[in-house]
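Chemist: This is coords21.txt (compact mmCIF, C-alpha atoms and all ligand atoms).
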# COMPACT_ATOMS: atom_id res chain seq x y z
CA MET A 1 61.87 115.66 94.71
CA MET A 2 64.38 112.87 95.19
CA GLU A 3 64.64 111.47 98.65
CA ALA A 4 67.99 112.00 100.34
CA ALA A 5 69.99 108.80 100.70
CA PRO A 6 69.54 107.43 104.23
CA SER A 7 72.62 108.28 106.21
CA VAL A 8 74.96 105.33 106.51
CA LEU A 9 75.61 104.22 110.06
CA LEU A 10 77.87 101.30 109.37
CA SER A 11 80.74 100.82 106.94
CA VAL A 12 82.26 97.47 106.02
CA VAL A 13 85.81 97.78 104.69
CA VAL A 14 87.27 94.93 102.63
CA PRO A 15 90.77 94.87 101.05
CA VAL A 16 90.71 92.87 97.80
CA TYR A 17 93.81 91.55 96.10
CA ASN A 18 93.16 88.87 93.50
CA GLU A 19 90.01 87.42 95.04
CA ARG A 20 87.89 87.12 91.87
CA GLU A 21 86.08 83.89 92.72
CA ASN A 22 85.36 84.90 96.31
CA LEU A 23 83.64 88.23 95.71
CA PRO A 24 80.09 87.24 94.70
CA LEU A 25 79.57 85.03 97.76
CA LEU A 26 81.32 87.55 100.01
CA LEU A 27 78.78 90.24 99.15
CA THR A 28 75.88 87.83 99.50
CA GLU A 29 77.12 86.71 102.94
CA VAL A 30 77.73 90.24 104.21
CA ARG A 31 74.23 91.24 103.16
CA ARG A 32 72.73 88.15 104.76
CA ALA A 33 74.45 89.11 108.02
CA LEU A 34 73.64 92.84 107.95
CA ASP A 35 70.24 93.18 106.30
CA PRO A 36 68.43 91.81 109.38
CA LEU A 37 69.94 94.61 111.51
CA GLY A 38 67.70 97.02 109.60
CA GLU A 39 70.13 99.91 109.44
CA PRO A 40 71.70 101.48 106.36
CA TYR A 41 75.24 100.33 105.64
CA GLU A 42 77.86 100.49 102.92
CA ILE A 43 80.40 97.90 101.79
CA ILE A 44 83.66 99.47 100.64
CA CYS A 45 85.87 97.13 98.63
CA ILE A 46 89.38 98.38 97.99
CA ASP A 47 90.88 96.82 94.90
CA ASP A 48 94.54 96.67 95.87
CA GLY A 49 95.98 96.39 92.36
CA SER A 50 94.40 93.04 91.49
CA THR A 51 95.54 91.45 88.24
CA ASP A 52 93.00 88.60 88.11
CA GLY A 53 89.97 90.61 87.03
CA SER A 54 88.65 91.20 90.56
CA LEU A 55 87.78 94.77 89.60
CA ASP A 56 85.61 93.63 86.69
CA VAL A 57 83.78 91.25 89.01
CA LEU A 58 83.25 94.05 91.54
CA LYS A 59 81.87 96.32 88.82
CA GLU A 60 79.41 93.60 87.79
CA LEU A 61 78.33 93.19 91.41
CA GLY A 62 77.63 96.92 91.86
CA PRO A 63 74.15 96.97 90.30
CA ILE A 64 73.15 93.88 92.31
CA HIS A 65 74.38 95.34 95.60
CA PRO A 66 73.69 99.09 95.60
CA MET A 67 75.49 99.59 98.93
CA LEU A 68 78.80 98.53 97.30
CA ARG A 69 81.46 101.21 96.88
CA ILE A 70 84.68 100.39 95.05
CA LEU A 71 87.99 102.16 95.61
CA VAL A 72 90.65 101.30 93.06
CA PHE A 73 94.37 101.53 93.79
CA GLU A 74 96.78 102.27 90.98
CA GLN A 75 98.93 99.35 92.03
CA ASN A 76 99.29 96.85 94.85
CA ALA A 77 99.97 98.79 98.04
CA GLY A 78 99.24 96.24 100.76
CA GLN A 79 96.58 95.56 103.33
CA SER A 80 97.42 98.48 105.64
CA ALA A 81 97.11 100.92 102.73
CA ALA A 82 93.79 99.37 101.75
CA PHE A 83 92.42 99.62 105.29
CA ALA A 84 93.60 103.22 105.58
CA ALA A 85 91.91 104.20 102.32
CA GLY A 86 88.72 102.44 103.41
CA PHE A 87 88.73 104.16 106.81
CA ARG A 88 89.17 107.54 105.14
CA ALA A 89 86.29 106.91 102.75
CA ALA A 90 83.94 105.38 105.32
CA HIS A 91 80.80 107.31 106.26
CA GLY A 92 79.69 105.10 109.14
CA ASN A 93 80.06 105.86 112.82
CA ARG A 94 81.03 102.20 113.19
CA ILE A 95 83.48 100.47 110.88
CA VAL A 96 83.91 96.74 110.34
CA THR A 97 86.87 95.17 108.54
CA LEU A 98 87.17 91.70 107.09
CA ASP A 99 89.09 89.70 104.50
CA ALA A 100 87.70 89.20 101.02
CA ASP A 101 88.67 85.53 100.82
CA LEU A 102 85.69 84.17 102.82
CA GLN A 103 87.97 82.88 105.60
CA ASN A 104 86.28 85.33 107.98
CA ASP A 105 82.58 84.60 108.49
CA PRO A 106 80.33 87.66 108.04
CA ALA A 107 77.79 85.96 110.32
CA ASP A 108 80.08 87.01 113.20
CA ILE A 109 79.71 90.73 112.43
CA PRO A 110 76.58 91.40 114.55
CA ARG A 111 78.30 89.95 117.63
CA LEU A 112 81.32 92.19 117.12
CA LEU A 113 79.05 95.20 116.66
CA SER A 114 77.16 94.52 119.87
CA GLU A 115 80.47 94.78 121.78
CA LEU A 116 80.81 98.38 120.57
CA ASP A 117 78.17 99.39 123.12
CA ARG A 118 80.82 98.82 125.79
CA PHE A 119 84.15 98.98 123.96
CA ASP A 120 85.72 101.23 121.34
CA ALA A 121 86.95 98.26 119.33
CA ALA A 122 86.16 94.54 119.14
CA VAL A 123 88.77 92.33 117.49
CA GLY A 124 88.25 88.80 116.23
CA TRP A 125 90.08 85.82 117.63
CA ARG A 126 90.09 82.80 115.33
CA VAL A 127 89.94 80.12 117.99
CA LYS A 128 90.01 77.27 115.47
CA ARG A 129 92.28 78.44 112.67
CA ALA A 130 91.46 76.74 109.36
CA ASP A 131 94.93 77.23 107.90
CA PRO A 132 97.84 74.89 107.10
CA LEU A 133 99.97 73.83 110.07
CA LEU A 134 102.99 75.92 109.08
CA LYS A 135 100.87 79.05 108.93
CA ARG A 136 99.21 78.30 112.26
CA ILE A 137 102.59 77.85 113.91
CA SER A 138 104.11 81.00 112.38
CA SER A 139 101.06 83.00 113.31
CA ARG A 140 101.18 81.79 116.90
CA LEU A 141 104.85 82.67 117.02
CA GLY A 142 104.13 86.10 115.49
CA ASN A 143 101.42 86.85 118.03
CA GLY A 144 103.63 85.64 120.88
CA VAL A 145 106.55 87.83 119.84
CA ARG A 146 104.30 90.84 119.22
CA ASN A 147 102.66 90.50 122.61
CA TRP A 148 105.99 90.02 124.33
CA ALA A 149 107.48 93.09 122.67
CA THR A 150 104.48 95.37 123.09
CA GLY A 151 103.23 94.16 126.48
CA GLU A 152 99.89 93.22 124.92
CA VAL A 153 97.63 90.21 125.43
CA ILE A 154 95.97 90.10 122.02
CA ALA A 155 95.60 86.45 120.96
CA ASP A 156 95.16 87.05 117.25
CA THR A 157 96.00 90.47 115.79
CA GLY A 158 96.24 88.94 112.34
CA CYS A 159 92.48 88.39 112.25
CA SER A 160 91.03 91.01 109.91
CA LEU A 161 87.54 90.64 111.30
CA LYS A 162 87.29 93.64 113.61
CA ALA A 163 84.79 96.36 114.51
CA PHE A 164 85.64 99.90 115.56
CA ARG A 165 83.90 103.01 116.71
CA ARG A 166 84.80 105.70 114.24
CA GLU A 167 86.51 107.86 116.90
CA ALA A 168 88.95 105.07 117.73
CA LEU A 169 90.34 105.02 114.18
CA ALA A 170 90.33 108.77 113.60
CA PRO A 171 93.69 109.57 115.26
CA LEU A 172 95.60 106.71 113.61
CA LYS A 173 98.12 107.05 110.83
CA LEU A 174 98.79 103.67 109.30
CA TYR A 175 102.07 102.66 107.70
CA ARG A 176 102.66 99.47 105.71
CA GLY A 177 102.37 96.48 108.03
CA LEU A 178 100.84 98.40 110.92
CA HIS A 179 97.39 96.90 110.41
CA ARG A 180 98.70 93.99 112.49
CA PHE A 181 99.06 96.38 115.42
CA LEU A 182 95.66 98.05 115.28
CA PRO A 183 94.57 96.95 118.77
CA THR A 184 97.81 98.30 120.27
CA LEU A 185 97.66 101.57 118.34
CA ILE A 186 94.06 102.08 119.44
CA ARG A 187 94.87 101.40 123.08
CA MET A 188 97.78 103.81 122.90
CA GLU A 189 95.25 106.53 122.05
CA GLY A 190 93.33 105.70 125.20
CA PHE A 191 90.53 103.62 123.64
CA SER A 192 89.33 100.23 124.87
CA VAL A 193 89.62 96.93 122.98
CA THR A 194 87.91 93.61 123.58
CA GLN A 195 88.46 90.23 121.91
CA VAL A 196 85.66 88.16 120.43
CA ARG A 197 85.91 84.51 119.42
CA VAL A 198 85.08 84.14 115.76
CA ASN A 199 84.66 81.43 113.17
CA HIS A 200 87.39 80.76 110.60
CA ARG A 201 87.06 78.85 107.35
CA PRO A 202 89.55 77.36 104.92
CA ARG A 203 90.39 79.34 101.79
CA THR A 204 88.69 77.55 98.90
CA HIS A 205 89.53 79.96 96.04
CA GLY A 206 92.61 82.01 95.27
CA LYS A 207 95.93 81.95 97.09
CA THR A 208 97.27 83.36 100.34
CA LYS A 209 99.25 86.56 99.76
CA TYR A 210 101.72 86.01 102.56
CA GLY A 211 104.49 83.46 102.84
CA VAL A 212 105.75 82.51 106.29
CA LEU A 213 109.11 84.13 105.62
CA ASP A 214 107.85 87.52 104.33
CA ARG A 215 105.67 87.77 107.38
CA LEU A 216 108.50 87.12 109.81
CA ARG A 217 110.81 89.48 107.94
CA ALA A 218 108.25 92.28 108.08
CA THR A 219 107.44 91.72 111.72
CA VAL A 220 110.81 92.73 113.18
CA PRO A 221 111.05 96.33 111.88
CA ASP A 222 107.33 96.84 112.51
CA LEU A 223 107.75 95.69 116.08
CA LEU A 224 110.65 98.04 116.63
CA ALA A 225 108.58 100.92 115.26
CA VAL A 226 105.63 100.19 117.51
CA ARG A 227 107.86 99.75 120.54
CA TRP A 228 109.46 103.07 119.80
CA MET A 229 106.05 104.72 119.53
CA GLN A 230 105.01 103.20 122.84
CA SER A 231 108.16 104.45 124.54
CA ARG A 232 107.67 107.96 123.17
CA LEU A 233 103.94 108.16 123.74
CA ILE A 234 102.84 111.62 124.90
CA ARG A 235 100.55 111.03 127.81
CA THR A 236 99.94 114.55 129.03
CA SER A 237 97.07 116.78 128.02
CA VAL A 238 96.38 120.47 128.50
CA LYS A 239 95.29 120.89 132.11
CA GLU A 240 94.19 124.46 131.87
CA GLU A 241 94.14 127.23 129.32
CA LEU A 242 94.75 130.83 130.34
CA GLY A 243 94.14 133.96 128.29
CA PRO A 244 93.49 135.90 126.13
CA TRP A 245 94.07 138.86 128.44
CA PRO A 246 92.15 142.12 128.41
CA SER A 247 94.38 144.81 126.85
N1 LIG B 1 95.22 91.64 100.63
C1 LIG B 1 95.33 92.90 100.05
N2 LIG B 1 96.55 93.34 99.64
C2 LIG B 1 97.68 92.59 99.79
C3 LIG B 1 97.58 91.34 100.40
C4 LIG B 1 96.35 90.88 100.82
O1 LIG B 1 94.33 93.59 99.90
O2 LIG B 1 98.76 93.07 99.37
C5 LIG B 1 93.91 91.15 101.07
C6 LIG B 1 93.50 89.80 100.50
O3 LIG B 1 92.84 89.92 99.27
C7 LIG B 1 92.60 89.27 101.60
C8 LIG B 1 93.20 89.83 102.87
O4 LIG B 1 93.99 90.95 102.46
O5 LIG B 1 91.29 89.78 101.46
C9 LIG B 1 94.07 88.81 103.61
O6 LIG B 1 94.99 88.21 102.74
P1 LIG B 1 95.28 86.65 102.77
O7 LIG B 1 94.01 85.89 102.80
O8 LIG B 1 96.22 86.33 101.65
O9 LIG B 1 96.02 86.49 104.15
P2 LIG B 1 96.00 85.20 105.08
O10 LIG B 1 94.57 84.87 105.39
O11 LIG B 1 96.64 84.10 104.28
O12 LIG B 1 96.79 85.61 106.28
MG MG B 2 93.06 84.59 104.12
In structure tokens, what does this structure look like?
Modeler:
Amino acid sequence: MMEAAPSVLLSVVVPVYNERENLPLLLTEVRRALDPLGEPYEIICIDDGSTDGSLDVLKELGPIHPMLRILVFEQNAGQSAAFAAGFRAAHGNRIVTLDADLQNDPADIPRLLSELDRFDAAVGWRVKRADPLLKRISSRLGNGVRNWATGEVIADTGCSLKAFRREALAPLKLYRGLHRFLPTLIRMEGFSVTQVRVNHRPRTHGKTKYGVLDRLRATVPDLLAVRWMQSRLIRTSVKEELGPWPS
């Protein structure tokens, strides 16, 4: 009889949009970080409509890395869509997200996971951003405006390297752009979030998918949406249930 597959406890979710050259090392690094933990895990790569052959590379990597699962989008749908699809597919009771471009360092994952003993989510904070000056400035501005508008104190919501308990993601419905507000959305549902300082590395292959202007343009409507949600948050719960009555 075939042995049942060991149940997966941890899912790593990675949105991939034209990251061909980065994928082989990404998988090697994630395995190097997670194998020593000695628990079964899966790596879910979401191909977000890549046109550079990323999907072919992923398919070649499958046989080398049996824990790799590949979800393929029909067309480019954005990072929030990719995260949402990965969350839905994930089997783990803990879920880690990171970028495919090797800017996040998988070696940080165990430290994020250890925070999940005490918190429902642990979000990365790239203390030394390895990005061009213009991007660092616009990101700082973005975080400042987001925190001001939402009353948050999250230093770096744009950092994809995050770890979540499954329950903290379950109630969320993501819309395009809302991945930048994950810590806020999670806290709105009553879950706890902590920040963890993480490493950041320069992008050596492929190109950034976001220009400074698109990011700023997207931020304003997204902010208004999240502010609206915060102002309309339903905070009550059923205190008591009465009935059914004997007839
Ligand atoms: N990404 C994606 N779909 C998109 C844009 C980006 O899946 O429409 C992925 C991309 O492949 C990368 C991550 O999201 O793994 C972050 O993108 P990027 O590195 O371009 O962002 P930056 O680090 O420049 O903020
Ligand atoms: Mg990047």
Chemist: Identify which of the residues A:Leu134, A:Val14, A:Met188, A:Ala77 lies closest to Leu213 (chain A), counting all atoms listed in the file when measuring atom-to-atom distances.
Modeler: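 Among A:Leu134, A:Val14, A:Met188, A:Ala77, it is A:Leu134 that comes nearest to Leu213 (chain A).
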Chemist: Could you give me, as a list in words, the residues within 8 Å of Glu19 (chain A), counting all atoms listed in the file and dropping anything in the same chain fewer than 6 positions from it?
Modeler: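 Once the nearby chain positions are removed, what remains is Ser50, Asp52, Ser54, Ala100, Asp101, His205 and Gly206 of chain A.
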Chemist: Residues at most 12 Å from Phe73 (chain A), counting all atoms listed in the file, excluding those fewer than 4 positions away in the same chain, as a VMD selection string?
Modeler: chain A and resid 15 to 17 45 to 51 55 77 to 79 81 to 86
Chemist: What is the distance between CA of Glu42 (chain A) and CA of Met67 (chain A), in Å to one decimal?
Modeler: 4.7 Å
Chemist: What does the distance between CA of Leu23 (chain A) and CA of Leu58 (chain A) come to in Å, to one decimal place?
Modeler: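 CA of Leu23 (chain A) sits 7.2 Å away from CA of Leu58 (chain A).
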Chemist: Write out as a PDB file with C-alpha atoms, keeping the file's coordinate frame each polymer residue whose atoms come within 10 Å of Thr184 (chain A), counting only C-alpha atoms; drop sequence neighbours fewer than 5 positions from it.
Modeler:
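As written to disk, selection-v9.pdb reads:
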ATOM      1  CA  ARG A 146     104.300  90.840 119.220  1.00  0.00           C
ATOM      2  CA  ASN A 147     102.660  90.500 122.610  1.00  0.00           C
ATOM      3  CA  THR A 150     104.480  95.370 123.090  1.00  0.00           C
ATOM      4  CA  GLY A 151     103.230  94.160 126.480  1.00  0.00           C
ATOM      5  CA  GLU A 152      99.890  93.220 124.920  1.00  0.00           C
ATOM      6  CA  VAL A 153      97.630  90.210 125.430  1.00  0.00           C
ATOM      7  CA  ILE A 154      95.970  90.100 122.020  1.00  0.00           C
ATOM      8  CA  THR A 157      96.000  90.470 115.790  1.00  0.00           C
ATOM      9  CA  LEU A 178     100.840  98.400 110.920  1.00  0.00           C
ATOM     10  CA  HIS A 179      97.390  96.900 110.410  1.00  0.00           C
ATOM     11  CA  GLU A 189      95.250 106.530 122.050  1.00  0.00           C
ATOM     12  CA  GLY A 190      93.330 105.700 125.200  1.00  0.00           C
ATOM     13  CA  PHE A 191      90.530 103.620 123.640  1.00  0.00           C
ATOM     14  CA  SER A 192      89.330 100.230 124.870  1.00  0.00           C
ATOM     15  CA  VAL A 193      89.620  96.930 122.980  1.00  0.00           C
ATOM     16  CA  VAL A 226     105.630 100.190 117.510  1.00  0.00           C
ATOM     17  CA  GLN A 230     105.010 103.200 122.840  1.00  0.00           C
TER      18      GLN A 230
END
Chemist: Would you please work out which residue, of A:Lys239, A:Arg232, A:Arg197, A:Arg136, is nearest to ligand MG 2 (chain B) when using all atoms listed in the file?
Modeler: A:Arg136
